[in-house]
file model16.csv (CSV, C-alpha atoms and all ligand atoms)
chain,number,residue,atom,x,y,z
A,204,MET,CA,-21.7,7.6,12.9
A,205,LEU,CA,-18.4,5.9,13.4
A,206,LYS,CA,-15.3,8.0,13.9
A,207,LEU,CA,-11.9,6.6,12.9
A,208,PRO,CA,-8.4,8.1,13.0
A,209,GLY,CA,-6.9,9.4,9.7
A,210,LEU,CA,-5.9,6.1,7.9
A,211,ILE,CA,-2.3,5.5,6.9
A,212,ASP,CA,-1.6,3.5,3.7
A,213,PRO,CA,2.1,2.5,3.6
A,214,HIS,CA,2.0,1.1,0.0
A,215,VAL,CA,0.8,3.3,-2.9
A,216,HIS,CA,1.9,3.6,-6.5
A,217,VAL,CA,1.4,7.2,-7.4
A,218,ARG,CA,2.8,7.0,-11.0
A,219,GLU,CA,4.2,10.5,-11.0
A,220,PRO,CA,6.8,11.1,-12.4
A,221,GLY,CA,6.5,9.3,-15.7
A,222,ALA,CA,3.0,7.7,-16.0
A,223,THR,CA,0.5,10.4,-15.2
A,224,HIS,CA,-2.0,9.0,-17.7
A,225,LYS,CA,-2.5,6.2,-15.1
A,226,GLU,CA,-2.5,8.5,-12.0
A,227,ASP,CA,-0.7,11.6,-10.6
A,228,TRP,CA,-0.2,13.2,-7.2
A,229,ASP,CA,-3.5,15.0,-7.5
A,230,THR,CA,-5.8,12.1,-8.5
A,231,VAL,CA,-4.1,9.6,-6.1
A,232,THR,CA,-4.5,11.9,-3.1
A,233,GLN,CA,-8.2,12.5,-4.0
A,234,ALA,CA,-8.7,8.8,-4.2
A,235,ALA,CA,-6.9,8.5,-0.8
A,236,LEU,CA,-9.2,11.0,0.9
A,237,ALA,CA,-12.3,9.4,-0.6
A,238,GLY,CA,-11.1,6.2,1.0
A,239,GLY,CA,-10.4,7.7,4.5
A,240,VAL,CA,-6.6,7.7,3.9
A,241,THR,CA,-4.9,10.9,5.2
A,242,THR,CA,-1.3,9.7,4.8
A,243,LEU,CA,0.1,7.7,2.0
A,244,LEU,CA,3.6,6.4,1.4
A,245,ALA,CA,4.6,6.4,-2.3
A,246,MET,CA,6.5,3.6,-3.9
A,247,PRO,CA,9.7,4.4,-5.9
A,248,ASN,CA,9.1,2.3,-9.1
A,249,THR,CA,8.2,5.4,-11.2
A,250,LYS,CA,9.8,6.6,-14.5
A,251,PRO,CA,12.5,7.4,-13.7
A,252,PRO,CA,12.6,5.4,-10.5
A,253,ILE,CA,13.3,7.3,-7.3
A,254,PHE,CA,16.8,6.3,-6.3
A,255,ASP,CA,18.9,9.5,-5.7
A,256,GLU,CA,18.7,13.1,-4.7
A,257,ALA,CA,17.6,14.4,-8.1
A,258,THR,CA,14.8,11.8,-8.6
A,259,LEU,CA,13.6,12.2,-5.0
A,260,THR,CA,13.4,16.0,-5.6
A,261,LEU,CA,11.4,15.3,-8.8
A,262,ALA,CA,8.8,13.3,-7.0
A,263,LEU,CA,8.7,15.6,-3.9
A,264,ASP,CA,8.3,18.7,-6.0
A,265,ALA,CA,5.3,17.2,-7.8
A,266,ALA,CA,3.8,16.1,-4.5
A,267,ASN,CA,4.4,19.4,-2.9
A,268,ALA,CA,2.5,21.2,-5.7
A,269,LYS,CA,-0.4,18.7,-6.1
A,270,ALA,CA,-1.0,16.5,-3.0
A,271,ARG,CA,-4.2,16.9,-1.1
A,272,CYS,CA,-3.4,14.6,1.7
A,273,ASP,CA,-0.1,14.0,3.6
A,274,TYR,CA,2.6,11.8,2.1
A,275,GLY,CA,6.0,10.3,2.2
A,276,GLN,CA,8.2,9.0,-0.7
A,277,TYR,CA,10.3,5.8,-0.6
A,278,ILE,CA,13.7,5.5,-2.1
A,279,GLY,CA,14.3,2.5,-4.2
A,280,ALA,CA,17.3,0.2,-3.5
A,281,GLY,CA,19.3,-0.1,-6.6
A,282,PRO,CA,22.5,-2.1,-7.5
A,283,ASP,CA,24.9,0.7,-6.5
A,284,ASN,CA,23.1,3.4,-4.5
A,285,ALA,CA,23.4,2.2,-0.9
A,286,ASP,CA,25.4,5.2,0.3
A,287,ILE,CA,23.2,7.7,-1.5
A,288,ALA,CA,20.0,6.0,-0.2
A,289,ALA,CA,21.4,5.9,3.4
A,290,ALA,CA,22.2,9.6,3.2
A,291,LEU,CA,18.7,10.4,1.9
A,292,ALA,CA,17.0,8.3,4.6
A,293,PRO,CA,15.9,11.3,6.8
A,294,LYS,CA,14.0,12.7,3.8
A,295,ALA,CA,12.4,9.4,2.7
A,296,ALA,CA,9.5,7.3,3.9
A,297,GLY,CA,11.9,4.4,3.9
A,298,LEU,CA,13.9,2.1,1.6
A,299,LYS,CA,12.0,-0.2,-0.8
A,300,MET,CA,13.8,-3.3,-1.9
A,301,TYR,CA,12.4,-5.3,-4.8
A,302,LEU,CA,13.8,-8.8,-4.4
A,303,ASP,CA,11.2,-10.5,-6.6
A,304,SER,CA,9.9,-9.9,-10.1
A,305,THR,CA,7.5,-7.0,-10.5
A,306,PHE,CA,6.6,-4.0,-12.6
A,307,GLY,CA,9.4,-1.5,-13.2
A,308,GLU,CA,13.2,-1.4,-13.3
A,309,LEU,CA,14.2,-1.7,-9.7
A,310,ARG,CA,15.1,-5.3,-8.9
A,311,LEU,CA,18.0,-6.8,-6.9
A,312,ASP,CA,18.4,-10.3,-8.1
A,313,ASP,CA,21.8,-11.1,-6.5
A,314,MET,CA,22.1,-11.2,-2.7
A,315,THR,CA,25.5,-9.5,-2.9
A,316,LEU,CA,23.4,-6.4,-4.0
A,317,TRP,CA,21.3,-6.6,-0.8
A,318,MET,CA,24.3,-6.6,1.5
A,319,PRO,CA,25.5,-2.9,1.2
A,320,HIS,CA,21.9,-1.7,1.9
A,321,PHE,CA,21.6,-3.8,5.0
A,322,GLN,CA,25.0,-2.6,6.1
A,323,THR,CA,24.5,1.1,5.4
A,324,PHE,CA,20.8,2.0,5.7
A,325,PRO,CA,20.1,3.6,9.2
A,326,LYS,CA,18.9,1.0,11.7
A,327,LEU,CA,15.9,3.1,12.8
A,328,ALA,CA,14.6,3.8,9.3
A,329,PRO,CA,12.1,1.5,7.7
A,330,MET,CA,13.2,-1.1,5.1
A,331,VAL,CA,10.3,-2.5,3.1
A,332,MET,CA,10.8,-5.8,1.2
A,333,HIS,CA,9.0,-7.2,-1.8
A,334,ALA,CA,10.0,-10.8,-0.9
A,335,GLU,CA,7.7,-13.6,-1.8
A,336,SER,CA,7.9,-17.3,-0.7
A,337,ARG,CA,11.5,-18.5,-0.2
A,338,THR,CA,12.8,-15.0,-0.9
A,339,LEU,CA,11.0,-14.0,2.3
A,340,ALA,CA,13.0,-16.6,4.3
A,341,ALA,CA,16.2,-15.0,2.9
A,342,ALA,CA,15.0,-11.4,3.8
A,343,ILE,CA,14.3,-12.6,7.4
A,344,LEU,CA,17.7,-14.2,7.6
A,345,PHE,CA,19.3,-10.9,6.4
A,346,SER,CA,17.3,-9.1,9.1
A,347,THR,CA,18.8,-11.2,11.8
A,348,ILE,CA,22.3,-11.2,10.4
A,349,TYR,CA,22.4,-7.4,10.1
A,350,ASP,CA,20.2,-6.8,13.1
A,351,HIS,CA,18.0,-4.5,10.9
A,352,PRO,CA,14.1,-4.5,11.3
A,353,VAL,CA,12.3,-5.4,8.0
A,354,HIS,CA,8.8,-4.8,6.9
A,355,ILE,CA,7.4,-7.3,4.5
A,356,ALA,CA,5.1,-5.9,1.8
A,357,HIS,CA,1.9,-7.6,0.5
A,358,VAL,CA,2.0,-11.0,2.3
A,359,SER,CA,-0.3,-13.3,0.4
A,360,LEU,CA,0.6,-17.0,1.1
A,361,LYS,CA,0.0,-19.3,4.0
A,362,GLU,CA,3.7,-20.3,4.0
A,363,GLU,CA,4.6,-16.6,4.3
A,364,ILE,CA,2.3,-15.7,7.2
A,365,LEU,CA,3.3,-18.8,9.1
A,366,LEU,CA,7.0,-18.0,8.6
A,367,ILE,CA,6.5,-14.4,9.8
A,368,LYS,CA,4.5,-15.7,12.8
A,369,ALA,CA,7.4,-18.1,13.7
A,370,ALA,CA,10.0,-15.3,13.2
A,371,LYS,CA,8.0,-13.0,15.5
A,372,GLU,CA,7.8,-15.7,18.1
A,373,LYS,CA,11.6,-15.9,18.0
A,374,GLY,CA,11.9,-12.2,18.6
A,375,ILE,CA,13.0,-11.3,15.1
A,376,LYS,CA,12.2,-7.7,14.2
A,377,VAL,CA,9.9,-8.4,11.3
A,378,THR,CA,6.6,-6.6,10.6
A,379,CYS,CA,4.2,-7.1,7.7
A,380,GLU,CA,1.3,-5.8,5.7
A,381,VAL,CA,-1.6,-7.5,3.8
A,382,CYS,CA,-3.6,-6.1,1.0
A,383,PRO,CA,-7.4,-6.1,0.8
A,384,HIS,CA,-7.3,-7.9,-2.6
A,385,HIS,CA,-5.4,-10.8,-1.0
A,386,LEU,CA,-8.0,-10.9,1.9
A,387,PHE,CA,-11.1,-10.7,-0.3
A,388,LEU,CA,-10.1,-12.4,-3.6
A,389,SER,CA,-8.6,-15.7,-4.5
A,390,THR,CA,-7.7,-17.5,-7.8
A,391,GLU,CA,-11.4,-18.5,-7.9
A,392,ASP,CA,-12.4,-14.9,-8.5
A,393,ILE,CA,-10.1,-14.4,-11.5
A,394,PRO,CA,-12.7,-15.3,-14.2
A,395,ALA,CA,-15.2,-12.8,-12.8
A,396,ILE,CA,-12.6,-10.0,-12.6
A,397,SER,CA,-11.2,-10.8,-16.1
A,398,HIS,CA,-14.3,-10.7,-18.3
A,399,GLU,CA,-12.4,-12.5,-21.0
A,400,HIS,CA,-9.4,-10.1,-20.5
A,401,PRO,CA,-6.9,-12.1,-18.5
A,402,GLY,CA,-4.7,-9.0,-17.9
A,403,ARG,CA,-7.3,-7.7,-15.5
A,404,GLY,CA,-6.7,-10.5,-13.0
A,405,GLU,CA,-2.9,-9.9,-13.0
A,406,VAL,CA,-1.4,-8.5,-9.8
A,407,ARG,CA,1.9,-9.1,-7.9
A,408,PRO,CA,1.9,-11.1,-5.7
A,409,ARG,CA,-0.7,-13.1,-7.7
A,410,LEU,CA,-4.1,-13.8,-6.2
A,411,ALA,CA,-3.6,-17.0,-4.1
A,412,THR,CA,-5.7,-20.1,-3.3
A,413,LYS,CA,-8.7,-20.1,-0.9
A,414,GLU,CA,-6.5,-21.9,1.6
A,415,ASP,CA,-3.9,-19.1,1.5
A,416,VAL,CA,-6.7,-16.5,1.9
A,417,HIS,CA,-8.1,-18.5,4.9
A,418,SER,CA,-4.7,-18.6,6.5
A,419,LEU,CA,-4.5,-14.8,6.4
A,420,TRP,CA,-7.8,-14.5,8.1
A,421,THR,CA,-6.9,-17.0,10.8
A,422,ASN,CA,-3.6,-15.2,11.5
A,423,LEU,CA,-5.0,-11.6,11.7
A,424,ASP,CA,-2.9,-11.1,14.9
A,425,VAL,CA,0.3,-11.6,12.9
A,426,ILE,CA,-0.7,-8.9,10.4
A,427,ASP,CA,0.7,-5.5,11.5
A,428,CYS,CA,-0.8,-3.3,8.7
A,429,PHE,CA,-3.3,-3.3,5.9
A,430,ALA,CA,-2.0,-1.6,2.8
A,431,THR,CA,-3.6,-1.2,-0.6
A,432,ASP,CA,-0.6,-1.6,-3.0
A,433,HIS,CA,-2.8,0.8,-5.0
A,434,ALA,CA,-1.3,0.0,-8.5
A,435,PRO,CA,-3.3,1.8,-11.1
A,436,HIS,CA,-3.0,0.9,-14.8
A,437,THR,CA,-5.6,1.9,-17.4
A,438,LEU,CA,-8.1,-0.7,-18.8
A,439,LEU,CA,-6.5,-0.1,-22.2
A,440,GLU,CA,-3.2,-1.3,-20.7
A,441,LYS,CA,-4.8,-4.1,-18.7
A,442,ASP,CA,-6.6,-5.4,-21.8
A,443,GLY,CA,-3.7,-4.9,-24.2
A,444,GLU,CA,-0.5,-6.9,-25.0
A,445,ASN,CA,1.8,-7.6,-22.0
A,446,PRO,CA,-0.7,-6.4,-19.4
A,447,PRO,CA,1.0,-4.8,-16.4
A,448,PRO,CA,0.1,-6.3,-13.0
A,449,GLY,CA,-1.7,-4.3,-10.4
A,450,PHE,CA,-5.1,-3.3,-8.9
A,451,PRO,CA,-6.3,0.1,-7.7
A,452,GLY,CA,-7.4,-0.1,-4.1
A,453,LEU,CA,-7.5,3.2,-2.2
A,454,GLU,CA,-11.2,3.8,-2.5
A,455,THR,CA,-12.3,0.2,-1.9
A,456,MET,CA,-10.1,-0.8,1.1
A,457,LEU,CA,-12.2,0.8,3.9
A,458,PRO,CA,-15.6,-0.2,2.6
A,459,LEU,CA,-14.4,-3.8,2.2
A,460,LEU,CA,-13.0,-3.9,5.7
A,461,LEU,CA,-16.1,-2.3,7.2
A,462,THR,CA,-18.2,-4.9,5.5
A,463,ALA,CA,-16.0,-7.6,7.1
A,464,VAL,CA,-16.6,-5.9,10.5
A,465,ASP,CA,-20.4,-6.1,9.8
A,466,ASP,CA,-19.9,-9.8,9.0
A,467,GLY,CA,-18.1,-10.3,12.3
A,468,ARG,CA,-14.8,-11.3,10.6
A,469,LEU,CA,-12.9,-8.2,11.9
A,470,THR,CA,-13.3,-5.5,14.5
A,471,VAL,CA,-13.2,-1.7,14.3
A,472,GLU,CA,-10.2,-2.0,16.7
A,473,ASP,CA,-8.4,-4.1,14.1
A,474,ILE,CA,-8.9,-1.2,11.6
A,475,ARG,CA,-7.6,1.4,14.1
A,476,GLN,CA,-4.5,-0.8,14.9
A,477,LYS,CA,-3.6,-1.9,11.4
A,478,LEU,CA,-4.5,1.3,9.5
A,479,HIS,CA,-3.3,3.8,12.1
A,480,ASN,CA,-1.5,2.8,15.3
A,481,ASN,CA,0.9,0.2,13.8
A,482,PRO,CA,1.9,1.9,10.6
A,483,LYS,CA,2.4,5.2,12.6
A,484,ARG,CA,4.8,3.3,14.8
A,485,ILE,CA,6.6,1.2,12.2
A,486,PHE,CA,7.1,4.1,9.8
A,487,ASN,CA,7.8,6.6,12.5
A,488,LEU,CA,5.1,9.1,11.3
A,489,PRO,CA,4.2,12.4,13.0
A,490,GLU,CA,0.9,13.1,14.7
A,491,GLN,CA,-1.8,14.6,12.5
A,492,PRO,CA,-3.6,16.9,15.0
A,493,GLU,CA,-7.4,17.4,14.5
A,494,THR,CA,-7.6,14.6,12.0
A,495,TRP,CA,-10.4,12.0,11.7
A,496,VAL,CA,-12.6,10.1,9.4
A,497,GLU,CA,-16.4,9.9,9.7
A,498,VAL,CA,-18.2,6.8,8.4
A,499,ASP,CA,-21.8,5.9,7.9
A,500,GLU,CA,-21.7,2.3,9.0
A,501,ASN,CA,-25.2,1.5,7.7
A,502,ALA,CA,-24.8,2.8,4.1
A,503,ILE,CA,-25.2,-0.1,1.7
A,504,TYR,CA,-24.2,0.4,-1.9
A,505,GLU,CA,-22.4,-1.1,-4.8
A,506,ILE,CA,-18.7,-0.4,-5.7
A,507,LYS,CA,-18.6,1.4,-9.1
A,508,ALA,CA,-15.5,2.5,-10.9
A,509,THR,CA,-17.4,5.4,-12.5
A,510,GLU,CA,-17.8,6.9,-9.1
A,511,SER,CA,-14.1,6.9,-8.2
A,512,PHE,CA,-11.4,9.5,-8.2
A,513,THR,CA,-8.5,7.3,-9.4
A,514,ARG,CA,-7.6,8.0,-13.0
A,515,CYS,CA,-7.3,4.3,-14.0
A,516,GLY,CA,-11.0,3.9,-14.5
A,517,TRP,CA,-11.7,0.4,-13.2
A,518,THR,CA,-11.7,-1.8,-10.1
A,519,PRO,CA,-11.5,-5.6,-9.5
A,520,PHE,CA,-14.4,-5.1,-7.1
A,521,GLU,CA,-16.9,-3.7,-9.6
A,522,GLY,CA,-20.4,-4.4,-8.5
A,523,TRP,CA,-19.5,-5.7,-5.0
A,524,LYS,CA,-22.1,-4.8,-2.4
A,525,VAL,CA,-20.5,-3.2,0.6
A,526,LYS,CA,-21.7,-1.7,3.9
A,527,GLY,CA,-20.0,1.4,5.3
A,528,ARG,CA,-19.3,4.7,3.5
A,529,VAL,CA,-16.8,7.5,4.2
A,530,THR,CA,-18.9,10.6,4.7
A,531,LYS,CA,-16.3,13.1,5.9
A,532,VAL,CA,-12.6,13.5,6.4
A,533,VAL,CA,-11.0,16.2,8.5
A,534,LEU,CA,-7.3,16.7,8.0
A,535,ARG,CA,-5.3,19.0,10.3
A,536,GLY,CA,-8.5,20.9,11.2
A,537,LYS,CA,-9.8,21.3,7.7
A,538,THR,CA,-12.6,19.4,6.1
A,539,ALA,CA,-10.8,17.6,3.3
A,540,PHE,CA,-13.6,15.4,2.0
A,541,GLU,CA,-17.4,15.6,2.5
A,542,ASP,CA,-20.5,14.1,0.8
A,543,GLY,CA,-18.5,12.6,-2.1
A,544,LYS,CA,-16.5,15.8,-2.8
A,545,VAL,CA,-12.8,16.4,-2.2
A,546,LEU,CA,-12.5,19.8,-0.6
A,547,ALA,CA,-8.8,19.9,0.3
A,548,GLU,CA,-6.9,21.8,-2.4
A,549,ALA,CA,-4.0,20.6,-4.4
A,550,GLY,CA,-0.9,21.5,-2.4
A,551,TYR,CA,-2.6,21.1,1.0
A,552,GLY,CA,-0.8,17.8,1.7
A,553,LYS,CA,2.4,17.9,3.7
A,554,ASN,CA,5.5,15.8,3.5
A,555,ILE,CA,5.7,13.6,6.7
A,556,ARG,CA,9.5,13.9,6.7
A,557,ARG,CA,9.6,17.7,6.6
B,601,LIG,C1,2.9,-2.9,-8.8
B,601,LIG,C2,2.9,-1.7,-9.9
B,601,LIG,O1,2.1,-1.8,-10.8
B,601,LIG,O2,3.7,-0.8,-9.7
B,601,LIG,N1,2.1,-3.9,-9.3
B,601,LIG,C3,1.5,-4.9,-8.6
B,601,LIG,O3,1.0,-5.8,-9.2
B,601,LIG,N2,1.5,-4.8,-7.3
B,601,LIG,C4,4.3,-3.3,-8.5
B,601,LIG,C5,4.5,-3.9,-7.2
B,601,LIG,O4,3.9,-3.5,-6.2
B,601,LIG,O5,5.4,-4.7,-7.0
B,602,ZN,ZN,3.5,-2.3,-4.8
call {"tool": "encode", "arguments": {"input": "model16.csv", "output": "C-alpha cells"}}
result
Amino acid sequence: MLKLPGLIDPHVHVREPGATHKEDWDTVTQAALAGGVTTLLAMPNTKPPIFDEATLTLALDAANAKARCDYGQYIGAGPDNADIAAALAPKAAGLKMYLDSTFGELRLDDMTLWMPHFQTFPKLAPMVMHAESRTLAAAILFSTIYDHPVHIAHVSLKEEILLIKAAKEKGIKVTCEVCPHHLFLSTEDIPAISHEHPGRGEVRPRLATKEDVHSLWTNLDVIDCFATDHAPHTLLEKDGENPPPGFPGLETMLPLLLTAVDDGRLTVEDIRQKLHNNPKRIFNLPEQPETWVEVDENAIYEIKATESFTRCGWTPFEGWKVKGRVTKVVLRGKTAFEDGKVLAEAGYGKNIRR
C-alpha cells in the first residue's frame, strides 16, 4: 500500500451555477475524492461567470451545501471588475485571466484590459493565466513589468515550456501546471478518441504534437503542478453541432500518473511535489490535518466511464489499461472514500479561504 498526501487540483470546471446537467458541486467532488483529490480550485467560467460579490456568493453557497471535499473558487478577470476582484481576493482561490479563446464569456482580448488587474490585484494572491504560445510571452512580460507572480494554466507546447524554463532561470516569478491529457495524448490519438465524432477530440489548449508531448516529459523539473482542467461536457454535446472543448480528468489523473511511475517515467516524489507541496505553496492553501490517500499500486484495470462519478458520462481514456487504484481517502480525520464508495457527505467540504 502506497500512502500519498491529499491531492490538490488547482484547475477544475465545476459547472455550477448554470450547467448542472454536465456536473455540479456534488458530482464533481465525488469524482475528486475517487481520484484522490481532497482540494479542488474551481474555475469561474460558469453561467453566470463568477466576477463579483453576488456571483461569488452564488457559487460558494452551492459549494457549501454540496461539496464533499475541500474547495476554493476563482474570480474571473473581466473588462471592468479589477477593483471588485481585488477586494474579493481574500475570499477567492485567486484571479483567473482568460487571455486566449476558450469556452465561456470571460475573455480579455485587449492588453489595456489586463493592466488594471495587474495594477490592482494583491501581489501575494495567485493570478492564473490562460495564455498560449505568444500570449504567454506577453503574460510573462506583464509579470515582470508589474512585479506580480503569475501561474500559467495548462502548458502544452514545447515553445511554452522552454520559455517558462528560460523565464525561471532569469528569476521571473512564473509557475506553471500541465494536464494529464497533454502528457499522455497527442494529435495522433485524436482518431481513437473521436470514434467518428470529431468533437470528442476537442480540448483547449488543443492536443499537441508528439514532439510537444516529449518536451513536457523532458522538462518535468520546470512543471510546478499537475492539474486536470477537468472540463465535463456531455457526450450529446460533444457529438452535436458546435461541440464545446474539454475533457473530464479528475478520476483518471492519478491512475495515469501512477502507471507512468510504474513505467519509470515519473517518481512518487514527483506526484507528492506537483500534486501537493507545490500547489499548496503557490495557492497559499491551509494544512489539511489527518488527510491522506491510500493506493493499491499493483491493481491493474481498464478505465471505464461507466464506473465514474462525473456526470458527463465519458472519458478520452476509455479502455486504457492502468496500474494503481485509489482504495481509501481520509479527509480531516474522516474516511471520505473507500472501496469505490464515496462516504463523505454533501456539505462536508470546507472553503479553503474561510
Ligand atoms: C474549458 C471548459 O470547458 O470550461 N475547456 C477546455 O477545453 N479546457 C475551458 C478552459 O479551460 O479554458
Ligand atoms: Zn480550464
call {"tool": "residues_near_ligand", "arguments": {"input": "model16.csv", "ligand": "ligand ZN 602 (chain B)", "cutoff": "8 Å", "atoms": "only C-alpha atoms and all ligand atoms", "output": "PyMOL selection string"}}
result
chain A and resi 214-216+246+333+356-357+407+432-434+449
call {"tool": "closest_residue", "arguments": {"input": "model16.csv", "among": "A:Arg535, A:Lys225, A:Lys299, A:Lys361", "to": "Glu440 of chain A", "atoms": "all atoms listed in the file"}}
result
A:Lys225
call {"tool": "residues_near_ligand", "arguments": {"input": "model16.csv", "ligand": "ligand LIG 601 (chain B)", "cutoff": "10 Å", "atoms": "only C-alpha atoms and all ligand atoms", "output": "NGL selection string"}}
result
:A and (214-218 or 246-249 or 300-307 or 309-310 or 332-334 or 356-357 or 382 or 404-410 or 431-436 or 447-451)
call {"tool": "write_last_selection", "arguments": {"input": "model16.csv", "atoms": "C-alpha atoms", "output": "PDB file, keeping the file's coordinate frame"}}
result
ATOM      1  CA  HIS A 214       2.000   1.100   0.000  1.00  0.00           C
ATOM      2  CA  VAL A 215       0.800   3.300  -2.900  1.00  0.00           C
ATOM      3  CA  HIS A 216       1.900   3.600  -6.500  1.00  0.00           C
ATOM      4  CA  VAL A 217       1.400   7.200  -7.400  1.00  0.00           C
ATOM      5  CA  ARG A 218       2.800   7.000 -11.000  1.00  0.00           C
ATOM      6  CA  MET A 246       6.500   3.600  -3.900  1.00  0.00           C
ATOM      7  CA  PRO A 247       9.700   4.400  -5.900  1.00  0.00           C
ATOM      8  CA  ASN A 248       9.100   2.300  -9.100  1.00  0.00           C
ATOM      9  CA  THR A 249       8.200   5.400 -11.200  1.00  0.00           C
ATOM     10  CA  MET A 300      13.800  -3.300  -1.900  1.00  0.00           C
ATOM     11  CA  TYR A 301      12.400  -5.300  -4.800  1.00  0.00           C
ATOM     12  CA  LEU A 302      13.800  -8.800  -4.400  1.00  0.00           C
ATOM     13  CA  ASP A 303      11.200 -10.500  -6.600  1.00  0.00           C
ATOM     14  CA  SER A 304       9.900  -9.900 -10.100  1.00  0.00           C
ATOM     15  CA  THR A 305       7.500  -7.000 -10.500  1.00  0.00           C
ATOM     16  CA  PHE A 306       6.600  -4.000 -12.600  1.00  0.00           C
ATOM     17  CA  GLY A 307       9.400  -1.500 -13.200  1.00  0.00           C
ATOM     18  CA  LEU A 309      14.200  -1.700  -9.700  1.00  0.00           C
ATOM     19  CA  ARG A 310      15.100  -5.300  -8.900  1.00  0.00           C
ATOM     20  CA  MET A 332      10.800  -5.800   1.200  1.00  0.00           C
ATOM     21  CA  HIS A 333       9.000  -7.200  -1.800  1.00  0.00           C
ATOM     22  CA  ALA A 334      10.000 -10.800  -0.900  1.00  0.00           C
ATOM     23  CA  ALA A 356       5.100  -5.900   1.800  1.00  0.00           C
ATOM     24  CA  HIS A 357       1.900  -7.600   0.500  1.00  0.00           C
ATOM     25  CA  CYS A 382      -3.600  -6.100   1.000  1.00  0.00           C
ATOM     26  CA  GLY A 404      -6.700 -10.500 -13.000  1.00  0.00           C
ATOM     27  CA  GLU A 405      -2.900  -9.900 -13.000  1.00  0.00           C
ATOM     28  CA  VAL A 406      -1.400  -8.500  -9.800  1.00  0.00           C
ATOM     29  CA  ARG A 407       1.900  -9.100  -7.900  1.00  0.00           C
ATOM     30  CA  PRO A 408       1.900 -11.100  -5.700  1.00  0.00           C
ATOM     31  CA  ARG A 409      -0.700 -13.100  -7.700  1.00  0.00           C
ATOM     32  CA  LEU A 410      -4.100 -13.800  -6.200  1.00  0.00           C
ATOM     33  CA  THR A 431      -3.600  -1.200  -0.600  1.00  0.00           C
ATOM     34  CA  ASP A 432      -0.600  -1.600  -3.000  1.00  0.00           C
ATOM     35  CA  HIS A 433      -2.800   0.800  -5.000  1.00  0.00           C
ATOM     36  CA  ALA A 434      -1.300   0.000  -8.500  1.00  0.00           C
ATOM     37  CA  PRO A 435      -3.300   1.800 -11.100  1.00  0.00           C
ATOM     38  CA  HIS A 436      -3.000   0.900 -14.800  1.00  0.00           C
ATOM     39  CA  PRO A 447       1.000  -4.800 -16.400  1.00  0.00           C
ATOM     40  CA  PRO A 448       0.100  -6.300 -13.000  1.00  0.00           C
ATOM     41  CA  GLY A 449      -1.700  -4.300 -10.400  1.00  0.00           C
ATOM     42  CA  PHE A 450      -5.100  -3.300  -8.900  1.00  0.00           C
ATOM     43  CA  PRO A 451      -6.300   0.100  -7.700  1.00  0.00           C
TER      44      PRO A 451
END
call {"tool": "residues_around", "arguments": {"input": "model16.csv", "residues": "Lys250 of chain A", "least_positions_apart": "2", "cutoff": "8 Å", "atoms": "only C-alpha atoms", "output": "count of residues only"}}
result
7
call {"tool": "residues_around", "arguments": {"input": "model16.csv", "residues": "Arg557 of chain A", "least_positions_apart": "3", "cutoff": "10 Å", "atoms": "all atoms listed in the file", "output": "VMD selection string"}}
result
chain A and resid 275 293 to 295 489 553 to 554
call {"tool": "write_last_selection", "arguments": {"input": "model16.csv", "atoms": "C-alpha atoms", "output": "PDB file, in the coordinates of the input"}}
result
ATOM      1  CA  GLY A 275       6.000  10.300   2.200  1.00  0.00           C
ATOM      2  CA  PRO A 293      15.900  11.300   6.800  1.00  0.00           C
ATOM      3  CA  LYS A 294      14.000  12.700   3.800  1.00  0.00           C
ATOM      4  CA  ALA A 295      12.400   9.400   2.700  1.00  0.00           C
ATOM      5  CA  PRO A 489       4.200  12.400  13.000  1.00  0.00           C
ATOM      6  CA  LYS A 553       2.400  17.900   3.700  1.00  0.00           C
ATOM      7  CA  ASN A 554       5.500  15.800   3.500  1.00  0.00           C
TER       8      ASN A 554
END
call {"tool": "closest_residue", "arguments": {"input": "model16.csv", "among": "A:Ala288, A:Leu205, A:Ala237, A:Cys272", "to": "Gly543 of chain A", "atoms": "all atoms listed in the file"}}
result
A:Ala237
call {"tool": "closest_residue", "arguments": {"input": "model16.csv", "among": "A:Pro446, A:Gly281, A:Tyr551, A:Tyr504", "to": "Gly522 of chain A", "atoms": "all atoms listed in the file"}}
result
A:Tyr504
call {"tool": "residues_around", "arguments": {"input": "model16.csv", "residues": "segment 472-481 of chain A", "least_positions_apart": "4", "cutoff": "12 Å", "atoms": "all atoms listed in the file", "output": "MDAnalysis selection string"}}
result
chainID A and resid 205:214 238:243 354 378:383 423:431 456:464 467:468 485:491 494:496
call {"tool": "decode", "arguments": {"input": "model16.csv", "residues": "segment 534-546 of chain A", "atoms": "C-alpha atoms", "output": "compact mmCIF listing (two decimals), in the first residue's frame"}}
result
# COMPACT_ATOMS: atom_id res chain seq x y z
CA LEU A 534 -10.09 13.80 4.79
CA ARG A 535 -9.70 15.69 8.08
CA GLY A 536 -9.92 12.50 10.10
CA LYS A 537 -12.94 11.05 8.33
CA THR A 538 -12.95 8.26 5.74
CA ALA A 539 -14.26 10.12 2.69
CA PHE A 540 -13.85 7.36 0.09
CA GLU A 541 -13.32 3.61 0.45
CA ASP A 542 -13.60 0.57 -1.85
CA GLY A 543 -15.21 2.51 -4.67
CA LYS A 544 -17.74 4.31 -2.48
CA VAL A 545 -17.88 7.99 -1.56
CA LEU A 546 -18.54 8.19 2.19
